[in-house]
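Pasting final.pdb here (PDB, C-alpha atoms):
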```
ATOM      1  CA  ILE A   1    -117.983 -66.355  91.156
ATOM      2  CA  LYS A   2    -121.545 -67.590  91.671
ATOM      3  CA  GLN A   3    -120.482 -71.215  91.613
ATOM      4  CA  VAL A   4    -117.237 -71.252  93.593
ATOM      5  CA  GLY A   5    -116.905 -67.751  95.029
ATOM      6  CA  LEU A   6    -114.384 -64.963  94.534
ATOM      7  CA  VAL A   7    -110.802 -65.975  95.293
ATOM      8  CA  VAL A   8    -108.564 -63.163  96.562
ATOM      9  CA  GLU A   9    -104.827 -63.785  96.747
ATOM     10  CA  GLY A  10    -103.496 -61.562  99.527
ATOM     11  CA  ILE A  11    -100.249 -59.619  99.629
ATOM     12  CA  GLU A  12     -98.818 -62.207 102.028
ATOM     13  CA  LYS A  13     -99.738 -65.014  99.561
ATOM     14  CA  GLN A  14    -102.739 -66.132 101.616
ATOM     15  CA  GLU A  15    -105.973 -67.024  99.809
ATOM     16  CA  THR A  16    -109.453 -65.995 100.908
ATOM     17  CA  ILE A  17    -112.613 -67.264  99.225
ATOM     18  CA  TYR A  18    -115.712 -65.064  99.412
ATOM     19  CA  LYS A  19    -118.876 -67.024  98.708
ATOM     20  CA  ASN A  20    -122.571 -66.269  98.249
ATOM     21  CA  ILE A  21    -121.852 -63.194  96.116
ATOM     22  CA  ARG A  22    -124.648 -61.925  93.881
ATOM     23  CA  ALA A  23    -122.444 -61.525  90.809
ATOM     24  CA  THR A  24    -123.931 -60.736  87.417
ATOM     25  CA  THR A  25    -123.097 -59.263  84.024
ATOM     26  CA  ASN A  26    -126.719 -58.195  83.498
ATOM     27  CA  PRO A  27    -127.395 -54.732  84.977
ATOM     28  CA  LYS A  28    -131.114 -55.443  85.416
ATOM     29  CA  GLU A  29    -130.372 -58.373  87.737
ATOM     30  CA  VAL A  30    -128.823 -55.914  90.190
ATOM     31  CA  VAL A  31    -132.263 -54.452  90.865
ATOM     32  CA  GLN A  32    -134.435 -57.507  90.248
ATOM     33  CA  ASP A  33    -135.774 -57.155  93.802
ATOM     34  CA  GLY A  34    -137.080 -53.695  92.901
ATOM     35  CA  ILE A  35    -134.713 -51.951  95.306
ATOM     36  CA  GLY A  36    -132.178 -49.471  93.965
ATOM     37  CA  PRO A  37    -128.568 -49.361  95.191
ATOM     38  CA  ASP A  38    -127.325 -46.950  97.848
ATOM     39  CA  LEU A  39    -123.862 -46.879  96.286
ATOM     40  CA  VAL A  40    -122.576 -47.643  92.793
ATOM     41  CA  ILE A  41    -118.788 -47.862  92.359
ATOM     42  CA  ILE A  42    -117.267 -47.459  88.905
ATOM     43  CA  LEU A  43    -113.710 -48.777  88.711
ATOM     44  CA  VAL A  44    -113.154 -49.712  85.068
ATOM     45  CA  LYS A  45    -110.333 -48.459  82.821
ATOM     46  CA  SER A  46    -111.042 -44.998  81.428
ATOM     47  CA  PRO A  47    -111.598 -46.219  77.814
ATOM     48  CA  ASN A  48    -114.536 -48.236  79.203
ATOM     49  CA  THR A  49    -116.087 -45.447  81.280
ATOM     50  CA  ALA A  50    -118.902 -44.657  78.837
ATOM     51  CA  VAL A  51    -119.941 -48.317  78.570
ATOM     52  CA  ALA A  52    -119.992 -48.655  82.362
ATOM     53  CA  ALA A  53    -121.990 -45.433  82.716
ATOM     54  CA  GLU A  54    -124.622 -46.735  80.288
ATOM     55  CA  LYS A  55    -125.043 -49.811  82.487
ATOM     56  CA  VAL A  56    -125.385 -47.635  85.581
ATOM     57  CA  LYS A  57    -128.030 -45.582  83.788
ATOM     58  CA  LEU A  58    -129.914 -48.797  83.004
ATOM     59  CA  ILE A  59    -129.697 -49.942  86.629
ATOM     60  CA  LEU A  60    -130.940 -46.656  88.056
ATOM     61  CA  GLY A  61    -133.678 -46.348  85.448
ATOM     62  CA  SER A  62    -135.112 -49.780  86.270
ATOM     63  CA  VAL A  63    -136.395 -48.970  89.770
ATOM     64  CA  PRO A  64    -138.208 -46.146  91.576
ATOM     65  CA  PHE A  65    -135.532 -43.609  92.364
ATOM     66  CA  LYS A  66    -133.937 -43.274  95.790
ATOM     67  CA  GLN A  67    -130.891 -41.639  97.346
ATOM     68  CA  THR A  68    -127.961 -43.101  95.400
ATOM     69  CA  THR A  69    -124.284 -42.147  95.218
ATOM     70  CA  VAL A  70    -122.293 -42.971  92.088
ATOM     71  CA  LEU A  71    -118.607 -43.120  93.030
ATOM     72  CA  THR A  72    -115.674 -43.314  90.627
ATOM     73  CA  LEU A  73    -112.268 -44.429  91.905
ATOM     74  CA  GLN A  74    -110.728 -44.546  88.429
ATOM     75  CA  ASN A  75    -107.329 -43.342  87.282
ATOM     76  CA  GLY A  76    -107.042 -40.171  85.253
ATOM     77  CA  ILE A  77    -109.047 -36.994  84.796
ATOM     78  CA  GLY A  78    -112.429 -36.632  83.093
ATOM     79  CA  ASN A  79    -114.177 -39.868  84.051
ATOM     80  CA  LEU A  80    -116.629 -38.203  86.432
ATOM     81  CA  GLU A  81    -117.781 -35.806  83.702
ATOM     82  CA  VAL A  82    -118.344 -38.679  81.256
ATOM     83  CA  ILE A  83    -120.365 -40.592  83.846
ATOM     84  CA  ALA A  84    -122.509 -37.603  84.814
ATOM     85  CA  ASN A  85    -123.219 -36.705  81.184
ATOM     86  CA  ILE A  86    -124.498 -40.223  80.459
ATOM     87  CA  VAL A  87    -126.321 -41.082  83.698
ATOM     88  CA  GLY A  88    -127.835 -37.619  83.973
ATOM     89  CA  ASP A  89    -129.199 -35.506  86.779
ATOM     90  CA  LYS A  90    -131.925 -37.086  88.896
ATOM     91  CA  PRO A  91    -133.437 -36.152  92.281
ATOM     92  CA  GLY A  92    -131.447 -37.810  95.062
ATOM     93  CA  LEU A  93    -128.547 -38.763  92.785
ATOM     94  CA  LYS A  94    -125.077 -37.723  93.918
ATOM     95  CA  TYR A  95    -121.793 -38.064  92.082
ATOM     96  CA  MET A  96    -118.600 -38.627  94.047
ATOM     97  CA  GLN A  97    -114.931 -38.716  93.057
ATOM     98  CA  GLY A  98    -112.178 -40.610  94.812
ATOM     99  CA  VAL A  99    -108.782 -42.210  94.311
ATOM    100  CA  THR A 100    -107.141 -45.328  95.693
ATOM    101  CA  ASP A 101    -103.536 -46.453  96.052
ATOM    102  CA  HIS A 102    -104.480 -50.137  96.216
ATOM    103  CA  ALA A 103    -103.170 -52.291  93.383
ATOM    104  CA  ALA A 104    -104.642 -55.555  92.135
ATOM    105  CA  LEU A 105    -104.468 -57.912  89.188
ATOM    106  CA  ILE A 106    -107.122 -60.164  87.661
ATOM    107  CA  VAL A 107    -105.325 -63.508  87.490
ATOM    108  CA  ALA A 108    -108.261 -65.461  86.038
ATOM    109  CA  PRO A 109    -112.056 -65.256  86.047
ATOM    110  CA  GLY A 110    -113.085 -65.181  89.693
ATOM    111  CA  ARG A 111    -109.498 -64.848  90.953
ATOM    112  CA  VAL A 112    -107.879 -61.532  91.960
ATOM    113  CA  ARG A 113    -104.396 -60.893  93.327
ATOM    114  CA  HIS A 114    -103.967 -57.960  95.752
ATOM    115  CA  THR A 115    -100.529 -56.649  94.766
ATOM    116  CA  GLY A 116    -100.285 -53.357  96.636
ATOM    117  CA  GLN A 117    -101.557 -51.944  99.914
ATOM    118  CA  GLY A 118    -102.517 -48.282 100.072
ATOM    119  CA  ASN A 119    -104.987 -45.646 101.135
ATOM    120  CA  THR A 120    -108.256 -44.495  99.570
ATOM    121  CA  THR A 121    -109.362 -40.852  99.525
ATOM    122  CA  LEU A 122    -112.922 -39.718  98.825
ATOM    123  CA  VAL A 123    -113.753 -36.150  97.874
ATOM    124  CA  GLY A 124    -116.092 -35.096 100.656
ATOM    125  CA  THR A 125    -116.326 -33.520 104.075
ATOM    126  CA  ASP A 126    -116.429 -34.778 107.646
ATOM    127  CA  SER A 127    -119.663 -32.828 108.167
ATOM    128  CA  ASN A 128    -121.581 -34.637 105.414
ATOM    129  CA  ILE A 129    -123.388 -37.722 106.714
ATOM    130  CA  SER A 130    -123.430 -39.489 103.355
ATOM    131  CA  ASP A 131    -119.706 -38.907 102.773
ATOM    132  CA  CYS A 132    -118.848 -40.186 106.242
ATOM    133  CA  THR A 133    -121.098 -43.230 105.879
ATOM    134  CA  ILE A 134    -119.312 -44.328 102.693
ATOM    135  CA  ARG A 135    -115.923 -43.649 104.304
ATOM    136  CA  ASP A 136    -116.894 -45.747 107.330
ATOM    137  CA  VAL A 137    -118.151 -48.624 105.175
ATOM    138  CA  PHE A 138    -114.771 -48.736 103.425
ATOM    139  CA  ASN A 139    -112.859 -48.546 106.718
ATOM    140  CA  ASN A 140    -115.004 -51.244 108.303
ATOM    141  CA  GLY A 141    -114.230 -53.437 105.297
ATOM    142  CA  GLY A 142    -110.494 -53.080 105.897
ATOM    143  CA  LEU A 143    -109.798 -50.327 103.358
ATOM    144  CA  SER A 144    -108.082 -47.371 105.012
ATOM    145  CA  THR A 145    -110.139 -44.395 103.801
ATOM    146  CA  VAL A 146    -110.322 -40.657 104.475
ATOM    147  CA  VAL A 147    -112.319 -37.753 103.050
ATOM    148  CA  ASN A 148    -110.817 -34.588 101.572
ATOM    149  CA  PRO A 149    -112.909 -31.645 100.305
ATOM    150  CA  ASP A 150    -110.367 -30.485  97.680
ATOM    151  CA  LEU A 151    -111.359 -32.180  94.401
ATOM    152  CA  GLU A 152    -108.395 -31.029  92.328
ATOM    153  CA  SER A 153    -105.873 -31.805  95.055
ATOM    154  CA  VAL A 154    -107.191 -35.364  95.338
ATOM    155  CA  THR A 155    -107.460 -36.089  91.604
ATOM    156  CA  TRP A 156    -104.244 -34.382  90.543
ATOM    157  CA  GLY A 157    -102.400 -35.905  93.485
ATOM    158  CA  LYS A 158    -103.081 -39.349  92.014
ATOM    159  CA  LEU A 159    -102.700 -38.192  88.391
ATOM    160  CA  VAL A 160     -99.153 -36.944  88.980
ATOM    161  CA  LEU A 161     -98.101 -40.312  90.438
ATOM    162  CA  ASN A 162     -99.818 -42.322  87.692
ATOM    163  CA  ALA A 163     -98.166 -40.170  85.015
ATOM    164  CA  ALA A 164     -94.752 -41.161  86.366
ATOM    165  CA  ILE A 165     -95.226 -44.831  87.261
ATOM    166  CA  ASN A 166     -97.665 -46.305  84.758
ATOM    167  CA  PRO A 167     -96.268 -45.433  81.311
ATOM    168  CA  ILE A 168     -92.616 -45.987  82.230
ATOM    169  CA  SER A 169     -93.292 -49.374  83.803
ATOM    170  CA  ALA A 170     -95.325 -50.211  80.690
ATOM    171  CA  LEU A 171     -92.714 -49.131  78.153
ATOM    172  CA  LEU A 172     -89.837 -50.848  79.960
ATOM    173  CA  GLY A 173     -91.798 -53.908  81.069
ATOM    174  CA  LEU A 174     -90.981 -53.414  84.747
ATOM    175  CA  GLU A 175     -92.803 -54.058  88.006
ATOM    176  CA  ASN A 176     -93.400 -50.891  90.024
ATOM    177  CA  GLY A 177     -90.645 -51.581  92.524
ATOM    178  CA  GLN A 178     -88.029 -51.915  89.778
ATOM    179  CA  LEU A 179     -88.495 -48.236  88.928
ATOM    180  CA  VAL A 180     -86.963 -47.142  92.239
ATOM    181  CA  ASP A 181     -84.846 -50.017  93.540
ATOM    182  CA  GLY A 182     -81.642 -48.769  91.917
ATOM    183  CA  THR A 183     -81.344 -51.536  89.322
ATOM    184  CA  ASN A 184     -82.383 -49.383  86.354
ATOM    185  CA  SER A 185     -80.973 -45.851  86.244
ATOM    186  CA  ARG A 186     -82.761 -45.034  82.975
ATOM    187  CA  ALA A 187     -86.134 -45.898  84.486
ATOM    188  CA  ARG A 188     -85.390 -43.791  87.550
ATOM    189  CA  SER A 189     -84.367 -40.798  85.421
ATOM    190  CA  MET A 190     -87.488 -41.053  83.256
ATOM    191  CA  LEU A 191     -89.664 -41.395  86.350
ATOM    192  CA  THR A 192     -88.280 -38.246  87.944
ATOM    193  CA  LYS A 193     -88.552 -36.227  84.734
ATOM    194  CA  ALA A 194     -92.171 -37.217  84.050
ATOM    195  CA  LEU A 195     -93.079 -36.632  87.682
ATOM    196  CA  MET A 196     -91.615 -33.141  87.928
ATOM    197  CA  GLU A 197     -93.191 -32.049  84.636
ATOM    198  CA  ALA A 198     -96.569 -33.096  86.018
ATOM    199  CA  VAL A 199     -95.881 -31.342  89.341
ATOM    200  CA  THR A 200     -94.955 -28.149  87.469
ATOM    201  CA  VAL A 201     -98.204 -28.244  85.484
ATOM    202  CA  ALA A 202    -100.242 -28.812  88.646
ATOM    203  CA  SER A 203     -98.485 -25.927  90.388
ATOM    204  CA  ALA A 204     -99.095 -23.602  87.431
ATOM    205  CA  ARG A 205    -102.802 -24.439  87.647
ATOM    206  CA  GLY A 206    -102.804 -23.419  91.298
ATOM    207  CA  ILE A 207    -103.320 -26.957  92.568
ATOM    208  CA  ARG A 208    -101.998 -27.827  96.003
ATOM    209  CA  LEU A 209    -100.989 -31.483  95.928
ATOM    210  CA  PRO A 210    -101.853 -33.584  99.022
ATOM    211  CA  TYR A 211     -98.161 -34.254  99.758
ATOM    212  CA  THR A 212     -95.152 -31.975 100.189
ATOM    213  CA  ASP A 213     -92.450 -34.141  98.601
ATOM    214  CA  PRO A 214     -93.576 -35.641  95.255
ATOM    215  CA  VAL A 215     -90.356 -37.618  94.747
ATOM    216  CA  GLN A 216     -90.605 -39.287  98.149
ATOM    217  CA  LYS A 217     -94.312 -39.935  97.583
ATOM    218  CA  VAL A 218     -93.829 -41.650  94.224
ATOM    219  CA  GLU A 219     -90.926 -43.705  95.613
ATOM    220  CA  ASN A 220     -93.016 -44.819  98.580
ATOM    221  CA  LEU A 221     -95.944 -45.747  96.329
ATOM    222  CA  ALA A 222     -93.713 -47.735  93.983
ATOM    223  CA  ARG A 223     -92.237 -49.611  96.930
ATOM    224  CA  MET A 224     -95.650 -50.254  98.503
ATOM    225  CA  THR A 225     -96.775 -51.774  95.196
ATOM    226  CA  ALA A 226     -93.348 -53.220  94.330
ATOM    227  CA  LYS A 227     -94.577 -56.529  92.897
ATOM    228  CA  ASN A 228     -97.423 -54.955  90.976
ATOM    229  CA  LYS A 229     -97.524 -54.715  87.206
ATOM    230  CA  SER A 230     -99.147 -51.367  86.487
ATOM    231  CA  SER A 231    -102.517 -51.459  84.786
ATOM    232  CA  MET A 232    -100.947 -49.834  81.745
ATOM    233  CA  LEU A 233     -98.332 -52.588  81.459
ATOM    234  CA  VAL A 234    -101.058 -55.225  81.769
ATOM    235  CA  ASP A 235    -103.099 -53.494  79.065
ATOM    236  CA  ILE A 236    -100.155 -53.488  76.653
ATOM    237  CA  LEU A 237     -99.375 -57.144  77.348
ATOM    238  CA  ARG A 238    -103.011 -57.954  76.568
ATOM    239  CA  GLY A 239    -103.115 -55.748  73.473
ATOM    240  CA  GLU A 240    -105.816 -53.541  74.993
ATOM    241  CA  GLN A 241    -106.295 -49.774  74.900
ATOM    242  CA  THR A 242    -104.611 -47.978  77.796
ATOM    243  CA  GLU A 243    -105.555 -45.017  79.995
ATOM    244  CA  ILE A 244    -102.715 -42.890  78.603
ATOM    245  CA  ASP A 245    -105.045 -40.158  77.275
ATOM    246  CA  ALA A 246    -106.689 -39.678  80.679
ATOM    247  CA  ILE A 247    -103.300 -39.556  82.450
ATOM    248  CA  ASN A 248    -100.275 -38.282  80.499
ATOM    249  CA  GLY A 249    -102.566 -36.873  77.830
ATOM    250  CA  VAL A 250    -103.978 -34.493  80.446
ATOM    251  CA  ILE A 251    -100.487 -33.408  81.526
ATOM    252  CA  VAL A 252     -99.470 -32.740  77.912
ATOM    253  CA  ARG A 253    -102.632 -30.812  77.001
ATOM    254  CA  GLU A 254    -102.490 -28.638  80.112
ATOM    255  CA  GLY A 255     -98.743 -28.143  79.811
ATOM    256  CA  VAL A 256     -98.983 -26.974  76.211
ATOM    257  CA  LYS A 257    -101.755 -24.525  77.136
ATOM    258  CA  LEU A 258     -99.586 -23.124  79.931
ATOM    259  CA  GLY A 259     -96.363 -23.013  77.909
ATOM    260  CA  ILE A 260     -94.634 -25.596  80.119
ATOM    261  CA  ASP A 261     -92.061 -28.092  78.868
ATOM    262  CA  VAL A 262     -93.710 -31.516  78.998
ATOM    263  CA  GLY A 263     -91.247 -33.319  76.750
ATOM    264  CA  MET A 264     -91.066 -36.547  78.739
ATOM    265  CA  ASN A 265     -94.846 -36.798  79.085
ATOM    266  CA  SER A 266     -95.208 -36.137  75.334
ATOM    267  CA  PHE A 267     -92.685 -38.913  74.635
ATOM    268  CA  LEU A 268     -94.568 -41.318  76.891
ATOM    269  CA  LEU A 269     -97.948 -40.378  75.389
ATOM    270  CA  LYS A 270     -96.742 -40.960  71.825
ATOM    271  CA  ASN A 271     -94.909 -44.209  72.479
ATOM    272  CA  ILE A 272     -97.585 -45.839  74.641
ATOM    273  CA  LYS A 273    -100.124 -45.067  71.917
ATOM    274  CA  ASN A 274     -97.815 -46.749  69.397
ATOM    275  CA  CYS A 275     -97.660 -49.903  71.522
ATOM    276  CA  VAL A 276    -101.284 -50.867  70.926
ATOM    277  CA  GLU A 277    -103.039 -51.013  67.596
ATOM    278  CA  PRO A 278    -106.337 -49.069  67.634
ATOM    279  CA  LYS A 279    -109.330 -51.411  67.658
ATOM    280  CA  MET A 280    -111.616 -50.871  64.673
TER
END
```
Same coordinates, now as structure tokens:
Amino acid sequence: IKQVGLVVEGIEKQETIYKNIRATTNPKEVVQDGIGPDLVIILVKSPNTAVAAEKVKLILGSVPFKQTTVLTLQNGIGNLEVIANIVGDKPGLKYMQGVTDHAALIVAPGRVRHTGQGNTTLVGTDSNISDCTIRDVFNNGGLSTVVNPDLESVTWGKLVLNAAINPISALLGLENGQLVDGTNSRARSMLTKALMEAVTVASARGIRLPYTDPVQKVENLARMTAKNKSSMLVDILRGEQTEIDAINGVIVREGVKLGIDVGMNSFLLKNIKNCVEPKM
């Protein structure tokens, strides 16, 4: 990235090269000028959250402290708590949760393919200057972004969709669009079953999802990201640990506590775990 720039393959197959990027794998180089960041975004897979949080802690501990927001846009539930526990509580430090419907794939080092257009939602309010500033930065950069004050609505709204799309596309080896295009009735049946179990769990917890028709929402998302291979499918193809515990694992644990049938989510949780050998 330093030498030739970051290549982004767009949805319409166009290529854009972004140059003069201060890319690094050394956290201390981020603050080598002695100035701390205004915003830190964590967007790694959930099994890597703790490692990323340790690097953020190192970054923030290397400079005099200032007003900094640490934002997670990760899939699943529980990442924000892991980050906060590791980075800690400091004056001026704010933690922020969000979700995004955008889909992308790392094709090669320094090359990313944008495979799905979508919206980004940040947990915040229109009356908070910091929240609005981050929202506006995203919008000005071409990422359609809104704020929503309901944390559980935002996080569970994305969780429910991930629980339906990701593990089924991974188990069956399908692109997102193939789940809803009518070519695979088994995939469609599994998708609907996993989705409605997750919706039932959310409802029992008193969570108001940010959409009125979950089936239509998941269909629209799958179509918007039709050519995308879900992150869970990519993980399995690479032999890497998946985010299944932070997604379907949450649905299963909450469903069992509430006495709700989560048979499809339990099936997906077990079989995705069996797809990848644990790394010792």
For this session: Just give me the gap between CA of Val199 in chain A and CA of Lys273 in chain A in Å, one decimal is fine.
Result: 22.6 Å
Exercise. So how far away is CA of Ala226 in chain A from CA of Ser189 in chain A, in Å?
Worked result: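 Those two atoms sit 17.7 Å apart.
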Exercise. Mind pulling up the distance from CA of Ala194 in chain A to CA of Gly263 in chain A?
Worked result: 8.3 Å
Exercise. Taking the file as shown, what set of residues would the PyMOL selection byres ((chain A and resi 54-62) around 6) give back, as a PyMOL selection string?
Worked result: chain A and resi 27-28+51-53+63+87
Determine, using all atoms listed in the file, which residues of range 53-111 of chain A have any atom at most 7 Å from an atom of range 117-126 of chain A, and tabulate each with its shortest atom pair and distance in Å to one decimal place, rows ordered by chain and then rising number, as a tab-separated table.
```
residue	atom	partner	partner_atom	distance
A:Met96	CA	A:Val123	CA	6.7
A:Gln97	CA	A:Val123	CA	5.6
A:Gly98	CA	A:Leu122	CA	4.2
A:Val99	CA	A:Thr121	CA	5.4
A:Thr100	CA	A:Thr120	CA	4.1
A:Asp101	CA	A:Gly118	CA	4.5
A:His102	CA	A:Gly118	CA	4.7
A:Ala103	CA	A:Gln117	CA	6.7
```
Could you give me the axis-aligned bounding box of range 189-207 of chain A, with 4 Å of padding per side, as centre plus edge lengths in Å to one decimal, as lines of an AutoDock Vina configuration file?
```
center_x = -93.8
center_y = -32.4
center_z = 87.9
size_x = 27.0
size_y = 26.0
size_z = 17.3
```
Exercise. So which one's closest to Ser230 in chain A, A:Pro210, A:Val201, A:Gln216, A:Gly173? Using all atoms listed in the file, please.
Worked result: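 Among A:Pro210, A:Val201, A:Gln216, A:Gly173, it is A:Gly173 that comes nearest to Ser230 in chain A.
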For this session: Measuring atom to atom with all atoms listed in the file, identify which of A:Asp89, A:Glu152, A:Glu29, A:Glu9 is nearest to Arg208 in chain A.
Result: A:Glu152
Selection result of the PyMOL selection byres ((chain A and resi 250) around 10) on this file, as a PDB file with C-alpha atoms, keeping the file's coordinate frame:
```
ATOM      1  CA  GLY A  76    -107.042 -40.171  85.253  1.00  0.00           C
ATOM      2  CA  ILE A  77    -109.047 -36.994  84.796  1.00  0.00           C
ATOM      3  CA  GLY A  78    -112.429 -36.632  83.093  1.00  0.00           C
ATOM      4  CA  LEU A 159    -102.700 -38.192  88.391  1.00  0.00           C
ATOM      5  CA  ALA A 163     -98.166 -40.170  85.015  1.00  0.00           C
ATOM      6  CA  ALA A 198     -96.569 -33.096  86.018  1.00  0.00           C
ATOM      7  CA  VAL A 201     -98.204 -28.244  85.484  1.00  0.00           C
ATOM      8  CA  ILE A 244    -102.715 -42.890  78.603  1.00  0.00           C
ATOM      9  CA  ASP A 245    -105.045 -40.158  77.275  1.00  0.00           C
ATOM     10  CA  ALA A 246    -106.689 -39.678  80.679  1.00  0.00           C
ATOM     11  CA  ILE A 247    -103.300 -39.556  82.450  1.00  0.00           C
ATOM     12  CA  ASN A 248    -100.275 -38.282  80.499  1.00  0.00           C
ATOM     13  CA  GLY A 249    -102.566 -36.873  77.830  1.00  0.00           C
ATOM     14  CA  ILE A 251    -100.487 -33.408  81.526  1.00  0.00           C
ATOM     15  CA  VAL A 252     -99.470 -32.740  77.912  1.00  0.00           C
ATOM     16  CA  ARG A 253    -102.632 -30.812  77.001  1.00  0.00           C
ATOM     17  CA  GLU A 254    -102.490 -28.638  80.112  1.00  0.00           C
ATOM     18  CA  GLY A 255     -98.743 -28.143  79.811  1.00  0.00           C
ATOM     19  CA  VAL A 256     -98.983 -26.974  76.211  1.00  0.00           C
ATOM     20  CA  ASN A 265     -94.846 -36.798  79.085  1.00  0.00           C
ATOM     21  CA  LEU A 269     -97.948 -40.378  75.389  1.00  0.00           C
TER      22      LEU A 269
END
```
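The shortest atom-to-atom distance to Glu175 in chain A, with all atoms listed in the file taken into account, belongs to A:Lys227 out of A:Lys13, A:Lys227, A:Lys270, A:Lys19.
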For this session: Skip Pro91 in chain A itself and residues of its chain fewer than 4 positions away, then list as number ranges by chain all residues within 10 Å of it, counting all atoms listed in the file.
Result: A: 65-68
For this session: Determine, counting only C-alpha atoms, which protein, DNA and RNA residues have an atom within 12 Å of an atom of Asn274 in chain A; residues of the same chain fewer than 4 positions away are not included. Present the result as a VMD selection string.
Result: chain A and resid 171 236 239 to 242 244 267 to 270 278
So that I have them on file, write out the residues from the current selection with C-alpha atoms, as a PDB file, keeping the file's coordinate frame.
```pdb
ATOM      1  CA  LEU A 171     -92.714 -49.131  78.153  1.00  0.00           C
ATOM      2  CA  ILE A 236    -100.155 -53.488  76.653  1.00  0.00           C
ATOM      3  CA  GLY A 239    -103.115 -55.748  73.473  1.00  0.00           C
ATOM      4  CA  GLU A 240    -105.816 -53.541  74.993  1.00  0.00           C
ATOM      5  CA  GLN A 241    -106.295 -49.774  74.900  1.00  0.00           C
ATOM      6  CA  THR A 242    -104.611 -47.978  77.796  1.00  0.00           C
ATOM      7  CA  ILE A 244    -102.715 -42.890  78.603  1.00  0.00           C
ATOM      8  CA  PHE A 267     -92.685 -38.913  74.635  1.00  0.00           C
ATOM      9  CA  LEU A 268     -94.568 -41.318  76.891  1.00  0.00           C
ATOM     10  CA  LEU A 269     -97.948 -40.378  75.389  1.00  0.00           C
ATOM     11  CA  LYS A 270     -96.742 -40.960  71.825  1.00  0.00           C
ATOM     12  CA  PRO A 278    -106.337 -49.069  67.634  1.00  0.00           C
TER      13      PRO A 278
END
```
